[in-house]
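Dropping final_20.txt in here (compact mmCIF, C-alpha atoms and all ligand atoms):
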```
# COMPACT_ATOMS: atom_id res chain seq x y z
CA MET Y 254 15.78 8.88 -3.53
CA ASN Y 255 12.91 10.60 -1.75
CA HIS Y 256 11.38 8.17 0.78
CA ARG Y 257 7.86 9.09 -0.41
CA GLN Y 258 8.56 8.12 -4.03
CA PRO Y 259 5.86 5.55 -4.79
CA ILE Y 260 5.63 2.18 -6.43
CA LEU Y 261 3.20 2.56 -9.32
CA PHE Y 262 0.86 -0.33 -10.15
CA PHE Y 263 -0.87 -0.39 -13.51
CA ASP Y 264 -3.84 -2.41 -14.81
CA SER Y 265 -6.87 -1.88 -17.03
CA GLY Y 266 -9.12 -2.06 -13.95
CA ILE Y 267 -9.04 -3.39 -10.41
CA GLY Y 268 -7.25 -6.68 -11.22
CA GLY Y 269 -3.87 -5.32 -10.16
CA LEU Y 270 -5.12 -5.18 -6.57
CA SER Y 271 -4.35 -8.92 -6.46
CA VAL Y 272 -0.70 -8.00 -7.05
CA LEU Y 273 -0.75 -4.95 -4.79
CA GLU Y 274 -1.92 -7.06 -1.84
CA PRO Y 275 1.17 -9.31 -1.51
CA VAL Y 276 3.47 -6.33 -2.20
CA ARG Y 277 1.86 -4.38 0.66
CA ALA Y 278 2.25 -7.41 2.91
CA LEU Y 279 6.02 -7.36 2.30
CA LEU Y 280 6.43 -3.55 2.14
CA PRO Y 281 3.71 -2.11 4.40
CA HIS Y 282 5.18 1.41 4.44
CA ALA Y 283 5.64 1.77 0.70
CA ALA Y 284 3.90 4.73 -0.90
CA ILE Y 285 1.51 3.37 -3.53
CA VAL Y 286 -0.08 4.77 -6.67
CA TYR Y 287 -2.55 2.39 -8.29
CA ALA Y 288 -3.44 3.35 -11.86
CA ALA Y 289 -6.46 1.81 -13.61
CA ASP Y 290 -6.94 2.49 -17.31
CA ASP Y 291 -10.70 2.33 -17.05
CA ALA Y 292 -10.99 4.43 -20.23
CA GLY Y 293 -9.33 1.53 -22.07
CA PHE Y 294 -11.01 -1.30 -20.12
CA PRO Y 295 -11.25 -4.16 -20.93
CA TYR Y 296 -7.88 -4.98 -22.48
CA GLY Y 297 -8.59 -8.66 -23.03
CA THR Y 298 -10.84 -8.12 -26.04
CA ARG Y 299 -8.55 -5.53 -27.68
CA SER Y 300 -6.00 -6.12 -30.39
CA GLU Y 301 -2.24 -6.33 -29.87
CA VAL Y 302 -1.84 -3.08 -31.85
CA GLU Y 303 -4.23 -1.20 -29.58
CA ILE Y 304 -2.56 -2.40 -26.38
CA ALA Y 305 0.98 -1.88 -27.68
CA GLY Y 306 0.01 1.66 -28.69
CA ARG Y 307 -1.78 2.56 -25.49
CA VAL Y 308 0.19 1.12 -22.57
CA PRO Y 309 3.69 2.66 -23.08
CA THR Y 310 2.20 6.12 -23.72
CA LEU Y 311 0.02 5.99 -20.63
CA LEU Y 312 2.82 4.71 -18.44
CA GLY Y 313 5.01 7.55 -19.72
CA ARG Y 314 2.37 10.09 -18.59
CA LEU Y 315 1.91 8.37 -15.25
CA ALA Y 316 5.67 8.22 -14.64
CA GLU Y 317 5.97 11.93 -15.37
CA ARG Y 318 3.14 12.78 -13.01
CA TYR Y 319 3.97 10.51 -10.06
CA ARG Y 320 7.75 9.99 -10.40
CA PRO Y 321 7.61 6.36 -9.19
CA ARG Y 322 10.74 4.52 -8.09
CA LEU Y 323 9.44 1.37 -9.79
CA ILE Y 324 6.49 0.33 -11.96
CA VAL Y 325 4.59 -2.94 -11.68
CA ILE Y 326 2.53 -3.74 -14.76
CA ALA Y 327 -0.07 -5.67 -12.78
CA CYS Y 328 -1.79 -6.97 -15.90
CA ASN Y 329 -0.93 -10.11 -17.85
CA THR Y 330 -2.45 -8.78 -21.07
CA ALA Y 331 -0.39 -5.57 -21.03
CA SER Y 332 2.76 -7.40 -19.88
CA THR Y 333 2.71 -10.19 -22.45
CA ILE Y 334 2.20 -7.62 -25.23
CA ALA Y 335 3.97 -4.43 -24.14
CA LEU Y 336 6.51 -5.15 -21.38
CA ALA Y 337 9.57 -4.87 -23.64
CA ALA Y 338 8.33 -1.61 -25.18
CA VAL Y 339 7.64 -0.06 -21.76
CA ARG Y 340 11.08 -1.07 -20.48
CA GLY Y 341 12.66 0.43 -23.58
CA ALA Y 342 10.80 3.70 -23.18
CA LEU Y 343 11.25 4.34 -19.45
CA ASP Y 344 14.38 4.79 -17.43
CA LEU Y 345 13.26 2.99 -14.26
CA PRO Y 346 12.72 -0.63 -13.19
CA VAL Y 347 9.56 -2.19 -14.64
CA VAL Y 348 8.26 -5.50 -13.26
CA GLY Y 349 5.76 -7.37 -15.42
CA THR Y 350 3.08 -9.93 -14.61
CA VAL Y 351 3.23 -12.98 -16.84
CA PRO Y 352 1.37 -16.30 -16.52
CA ALA Y 353 2.73 -18.41 -13.63
CA ILE Y 354 3.24 -21.48 -15.81
CA LYS Y 355 6.53 -22.46 -14.15
CA PRO Y 356 5.13 -22.91 -10.60
CA ALA Y 357 1.99 -24.55 -12.00
CA ALA Y 358 4.06 -27.12 -13.88
CA ALA Y 359 6.06 -27.79 -10.71
CA LEU Y 360 2.83 -28.54 -8.81
CA SER Y 361 0.81 -30.57 -11.31
CA ARG Y 362 0.67 -34.31 -10.61
CA THR Y 363 -1.38 -35.18 -13.68
CA ARG Y 364 0.92 -33.08 -15.90
CA THR Y 365 -2.13 -31.27 -17.25
CA ILE Y 366 -2.37 -27.57 -16.48
CA GLY Y 367 -4.81 -24.91 -17.56
CA VAL Y 368 -4.02 -21.29 -18.39
CA LEU Y 369 -7.07 -19.14 -17.69
CA GLY Y 370 -6.53 -15.59 -18.90
CA THR Y 371 -8.01 -13.01 -21.20
CA ASP Y 372 -8.50 -13.83 -24.88
CA ALA Y 373 -5.60 -11.53 -25.73
CA THR Y 374 -3.23 -13.17 -23.22
CA VAL Y 375 -3.90 -16.81 -24.04
CA ARG Y 376 -3.07 -16.28 -27.73
CA GLN Y 377 0.32 -14.62 -27.07
CA PRO Y 378 3.60 -16.18 -28.27
CA TYR Y 379 4.86 -15.28 -24.77
CA VAL Y 380 2.62 -18.08 -23.46
CA ASP Y 381 4.02 -20.49 -26.08
CA ARG Y 382 7.52 -19.65 -24.88
CA LEU Y 383 6.70 -20.09 -21.16
CA SER Y 384 4.98 -23.42 -21.92
CA ALA Y 385 7.93 -24.69 -23.98
CA GLU Y 386 10.48 -23.60 -21.39
CA PHE Y 387 8.77 -24.65 -18.16
CA ALA Y 388 6.01 -27.13 -19.00
CA SER Y 389 7.31 -29.10 -21.97
CA ASP Y 390 6.20 -32.38 -20.34
CA CYS Y 391 2.70 -31.07 -19.60
CA THR Y 392 -0.45 -30.72 -21.62
CA VAL Y 393 -1.17 -26.98 -21.43
CA LEU Y 394 -4.82 -26.10 -22.06
CA ARG Y 395 -5.74 -22.45 -22.55
CA HIS Y 396 -9.00 -20.59 -22.21
CA GLY Y 397 -9.80 -16.89 -22.49
CA SER Y 398 -12.66 -15.44 -20.45
CA ALA Y 399 -13.85 -11.86 -20.65
CA ARG Y 400 -16.76 -12.73 -18.36
CA LEU Y 401 -14.49 -13.52 -15.39
CA VAL Y 402 -12.95 -10.04 -15.69
CA GLU Y 403 -16.44 -8.50 -15.45
CA LEU Y 404 -17.30 -10.75 -12.50
CA ALA Y 405 -14.21 -9.63 -10.55
CA GLU Y 406 -15.03 -5.97 -11.20
CA ALA Y 407 -18.64 -6.55 -10.12
CA LYS Y 408 -17.59 -8.38 -6.95
CA LEU Y 409 -15.38 -5.48 -5.89
CA ARG Y 410 -18.26 -3.07 -6.49
CA GLY Y 411 -20.17 -5.15 -3.94
CA GLU Y 412 -22.48 -6.86 -6.46
CA THR Y 413 -23.59 -10.49 -6.25
CA THR Y 414 -22.17 -12.66 -9.03
CA PRO Y 415 -23.71 -15.92 -10.34
CA ALA Y 416 -21.92 -19.18 -9.45
CA ALA Y 417 -22.88 -20.66 -12.82
CA ASP Y 418 -20.73 -18.10 -14.63
CA TYR Y 419 -17.62 -19.22 -12.74
CA ALA Y 420 -18.40 -22.85 -13.54
CA ALA Y 421 -18.83 -21.94 -17.22
CA ALA Y 422 -15.40 -20.29 -17.34
CA LEU Y 423 -13.76 -23.41 -15.88
CA ASP Y 424 -15.72 -25.62 -18.27
CA GLY Y 425 -13.80 -23.83 -21.03
CA LEU Y 426 -10.79 -25.82 -19.77
CA PHE Y 427 -12.45 -29.03 -18.50
CA ASP Y 428 -14.31 -29.56 -21.77
CA GLN Y 429 -11.19 -29.53 -23.96
CA PRO Y 430 -9.59 -32.83 -25.01
CA GLY Y 431 -7.48 -33.95 -22.03
CA GLY Y 432 -9.41 -31.62 -19.70
CA ASP Y 433 -10.54 -34.54 -17.53
CA LEU Y 434 -6.94 -34.72 -16.21
CA LEU Y 435 -6.72 -31.04 -15.29
CA ASP Y 436 -5.43 -30.52 -11.72
CA THR Y 437 -3.73 -27.10 -11.73
CA VAL Y 438 -4.92 -23.80 -13.18
CA VAL Y 439 -2.83 -20.69 -13.74
CA LEU Y 440 -4.84 -17.56 -13.00
CA ALA Y 441 -3.25 -15.68 -15.90
CA CYS Y 442 -5.23 -12.49 -15.49
CA THR Y 443 -4.76 -10.38 -12.40
CA HIS Y 444 -8.52 -10.04 -11.99
CA PHE Y 445 -8.93 -13.77 -11.39
CA PRO Y 446 -7.24 -14.20 -7.97
CA LEU Y 447 -9.87 -11.74 -6.72
CA VAL Y 448 -12.49 -14.43 -7.45
CA ARG Y 449 -10.38 -17.45 -6.48
CA ASP Y 450 -12.86 -18.62 -3.80
CA GLU Y 451 -15.78 -18.41 -6.22
CA LEU Y 452 -13.81 -20.37 -8.84
CA ALA Y 453 -12.82 -23.02 -6.29
CA ALA Y 454 -16.43 -23.37 -5.14
CA ALA Y 455 -17.72 -23.70 -8.72
CA ALA Y 456 -15.11 -26.20 -9.97
CA ARG Y 457 -16.56 -29.60 -10.79
CA ARG Y 458 -13.35 -31.19 -9.39
CA PRO Y 459 -10.79 -29.86 -6.89
CA LEU Y 460 -8.15 -27.71 -8.59
CA THR Y 461 -5.00 -25.97 -7.42
CA PHE Y 462 -4.97 -22.33 -8.51
CA VAL Y 463 -1.66 -20.56 -9.05
CA ASP Y 464 -0.92 -16.89 -9.67
CA GLY Y 465 2.16 -14.71 -9.82
CA GLY Y 466 1.40 -12.24 -6.99
CA GLU Y 467 3.77 -13.62 -4.33
CA GLY Y 468 6.64 -13.95 -6.80
CA ILE Y 469 6.17 -10.37 -7.96
CA ALA Y 470 6.13 -9.16 -4.36
CA ARG Y 471 9.47 -10.88 -3.70
CA ARG Y 472 10.90 -9.34 -6.88
CA VAL Y 473 9.74 -5.84 -5.88
CA ALA Y 474 11.19 -6.29 -2.37
CA HIS Y 475 14.48 -7.41 -3.91
CA LEU Y 476 14.65 -4.48 -6.35
CA THR Y 477 13.91 -1.94 -3.61
CA ALA Y 478 16.07 -3.54 -0.89
CA GLY Y 479 17.96 -0.91 1.09
CA GLN Y 480 15.75 1.98 -0.12
CA ASP Y 481 14.08 4.39 2.31
CA TRP Y 482 10.33 4.34 2.95
CA PRO Y 483 8.12 6.55 5.10
CA THR Y 484 8.28 5.56 8.77
CA GLU Y 485 4.45 5.25 8.93
CA PRO Y 486 2.12 3.71 6.29
CA VAL Y 487 0.92 6.53 3.97
CA ALA Y 488 -2.43 6.91 2.18
CA GLY Y 489 -2.34 5.23 -1.22
CA VAL Y 490 -3.62 6.93 -4.38
CA ALA Y 491 -5.92 5.32 -6.96
CA VAL Y 492 -5.89 7.10 -10.31
CA PHE Y 493 -8.36 6.42 -13.11
CA THR Y 494 -7.88 7.36 -16.77
CA GLY Y 495 -11.61 7.62 -17.42
CA SER Y 496 -14.35 9.32 -15.52
CA ALA Y 497 -13.46 9.11 -11.84
CA ASN Y 498 -17.15 8.22 -11.34
CA ILE Y 499 -16.33 4.63 -12.07
CA ALA Y 500 -14.44 4.57 -8.78
CA LEU Y 501 -17.48 5.53 -6.74
CA GLY Y 502 -18.79 2.00 -6.32
CA LEU Y 503 -15.25 0.85 -5.64
CA ARG Y 504 -14.39 3.22 -2.83
CA ASP Y 505 -14.78 0.59 -0.06
CA SER Y 506 -12.75 -2.04 -1.92
CA LEU Y 507 -10.02 0.45 -2.76
CA SER Y 508 -9.72 1.55 0.84
CA ARG Y 509 -9.35 -2.08 1.96
CA PHE Y 510 -6.15 -2.05 -0.13
CA GLY Y 511 -4.97 1.21 1.45
CA LEU Y 512 -6.07 3.39 -1.50
CA THR Y 513 -7.99 6.22 0.12
CA THR Y 514 -7.31 9.06 -2.33
CA ILE Y 515 -9.02 8.82 -5.73
CA GLU Y 516 -7.89 10.95 -8.66
CA ALA Y 517 -8.46 11.23 -12.42
CA LEU Y 518 -5.51 11.28 -14.80
N1 LIG O 1 -6.25 -7.65 -15.48
C1 LIG O 1 -5.85 -7.82 -16.82
C2 LIG O 1 -4.93 -8.99 -17.04
O1 LIG O 1 -4.23 -9.39 -16.14
C3 LIG O 1 -6.80 -7.59 -17.96
C4 LIG O 1 -8.27 -7.55 -17.80
C5 LIG O 1 -8.95 -6.88 -18.99
O2 LIG O 1 -8.93 -5.65 -19.04
O3 LIG O 1 -9.45 -7.60 -19.87
O4 LIG O 1 -4.84 -9.53 -18.10
```
Output the file's structure in the form of structure tokens.
Amino acid sequence: MNHRQPILFFDSGIGGLSVLEPVRALLPHAAIVYAADDAGFPYGTRSEVEIAGRVPTLLGRLAERYRPRLIVIACNTASTIALAAVRGALDLPVVGTVPAIKPAAALSRTRTIGVLGTDATVRQPYVDRLSAEFASDCTVLRHGSARLVELAEAKLRGETTPAADYAAALDGLFDQPGGDLLDTVVLACTHFPLVRDELAAAARRPLTFVDGGEGIARRVAHLTAGQDWPTEPVAGVAVFTGSANIALGLRDSLSRFGLTTIEAL
């Protein structure tokens, strides 16, 4: 394997940066390609058929172009709908991002956890299965928020975002029957850890927020153990499926994550 062969991250937008960050902390010399399907953004309000049709095809094109050693689908919506299809179509390791219900259930004292994701993610049978397997003694409340995805994108473009909108997203969980016992919330969309501080500040009661980033980083380190990397950190590439203009306002944020080259697919 060529030591410059990258790890390819994939999301609809900039959410996957919350997964890239812990991976870079563990593998600081890894070559990185970060792909954002901004032409298909947002995924959370799309149908299963649209996502299942779009994601494997796009990842096939990206794999051909960048020859990654491993792909991280850094998107809960794409993973809960299309992970099996992508694995079936590509001959390389594919790590998915699925709601961190298991660690949340391990942490909750009140046995009431919330799953905050996109509309498409929170309705997936994948979430039913994770809840049954790892949180069968918990009340699992779910809420889908497209607004939080927009807020995370806006924050990374350097815009100010209203505190009331974060509070409203959490109210979608607190206001459900049993919501008064909520103590732990799964950030089941990769955009949401990027606004964790804003969510914590807006919560009407203290909450523990859990996401899958650290676990994915450990998995990627395990799958690439013993492989060669460049001896120095190399410039990361951000690739956008839509007009590369969308990246203009994001240039500073992308470079904070080591992504200094911006390309269009
Ligand atoms: N970041 C994505 C996720 O983890 C989806 C955001 C969107 O495009 O709606 O689900």
message: Within 6 Å of ligand LIG 1 (chain O) (counting all atoms listed in the file), which residues show up? I'd like them as a ChimeraX atom specification.
response: /Y:264-265,268,294-297,328-330,371,402,442-444
With C-alpha atoms kept, could you save the residues just selected as an mmCIF file, keeping the file's coordinate frame?
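Result file follows (part33.cif):
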```
data_model
loop_
_atom_site.group_PDB
_atom_site.id
_atom_site.type_symbol
_atom_site.label_atom_id
_atom_site.label_comp_id
_atom_site.auth_asym_id
_atom_site.auth_seq_id
_atom_site.Cartn_x
_atom_site.Cartn_y
_atom_site.Cartn_z
ATOM 1 C CA ASP Y 264 -3.840 -2.410 -14.810
ATOM 2 C CA SER Y 265 -6.870 -1.880 -17.030
ATOM 3 C CA GLY Y 268 -7.250 -6.680 -11.220
ATOM 4 C CA PHE Y 294 -11.010 -1.300 -20.120
ATOM 5 C CA PRO Y 295 -11.250 -4.160 -20.930
ATOM 6 C CA TYR Y 296 -7.880 -4.980 -22.480
ATOM 7 C CA GLY Y 297 -8.590 -8.660 -23.030
ATOM 8 C CA CYS Y 328 -1.790 -6.970 -15.900
ATOM 9 C CA ASN Y 329 -0.930 -10.110 -17.850
ATOM 10 C CA THR Y 330 -2.450 -8.780 -21.070
ATOM 11 C CA THR Y 371 -8.010 -13.010 -21.200
ATOM 12 C CA VAL Y 402 -12.950 -10.040 -15.690
ATOM 13 C CA CYS Y 442 -5.230 -12.490 -15.490
ATOM 14 C CA THR Y 443 -4.760 -10.380 -12.400
ATOM 15 C CA HIS Y 444 -8.520 -10.040 -11.990
#
```
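Taking atom CA of Y:Thr461 and atom CA of Y:Leu336 as endpoints, the distance between them is 27.6 Å.
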task: Determine the nearest neighbour of Y:Thr363 from the options Y:Gly341, Y:Gly432, Y:Pro483, Y:Gly397, counting all atoms listed in the file.
output: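 Distance minimum relative to Y:Thr363 lands on Y:Gly432.
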- prompt: If you measure from atom CA of Y:Phe262 to atom CA of Y:Gln377, what distance in Å do you get, rounded to one decimal?
  reply: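 The value is 22.2 Å.
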message: Here is a test: counting only C-alpha atoms, which residue of Y:Ser361, Y:Thr514, Y:Thr333, Y:Ser300 is nearest to Y:Val463?
response: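 Checking each candidate against Y:Val463, we get Y:Ser361 as the closest.
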task: For stretch 308-321 of chain Y, work out the shell of residues within 6 Å, counting all atoms listed in the file and skipping chain neighbours fewer than 6 positions away, then give it as a list of chain:residue names.
output: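 Final neighbour list, sorted by chain and number: Y:Gln258, Y:Pro259, Y:Ile260, Y:Leu261, Y:Val339.
Using only C-alpha atoms, the smallest distance between any of Y:Leu460, Y:Ile326, Y:Ile267, Y:Ala422 and Y:Leu360 comes from Y:Leu460.
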task: Figure out the distance between atom CA of Y:Leu273 and atom CA of Y:Gly465, please, to one decimal in Å.
output: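 Between these atoms lies a distance of 11.4 Å.
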- request: Find the residue from Y:Ala456, Y:Leu394, Y:Val439, Y:Ala388 that sits nearest to Y:Tyr419; use all atoms listed in the file when measuring.
  value: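 Smallest separation from Y:Tyr419 among the options: Y:Ala456.
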- request: Using all atoms listed in the file, determine which residues lie at most 12 Å from Y:Thr437, disregarding the query and same-chain residues fewer than 5 positions distant; provide the list as a count of residues only.
  value: 35
Using the file's own x, y and z axes, so that the box edges lie along x, y and z, what centre and edge lengths in Å (one decimal) does a box around every listed atom of stretch 320-337 of chain Y get when 3 Å is added on each side? Give it as AutoDock Vina command-line options.
```
--center_x 4.1 --center_y -0.1 --center_z -16.7 --size_x 19.2 --size_y 26.2 --size_z 23.1
```
Neighbours of point (-2.5, -3.6, -26.5) within 8 Å, using all atoms listed in the file, written as an MDAnalysis selection string: chainID Y and resid 296 299:308 330:331 334:335
field: Given all atoms listed in the file as the counted atoms, nearest of Y:Ala455, Y:Val487, Y:Val492, Y:Ala327 to Y:Pro281
entry: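 Looking at the shortest contact to Y:Pro281, the residue is Y:Val487.
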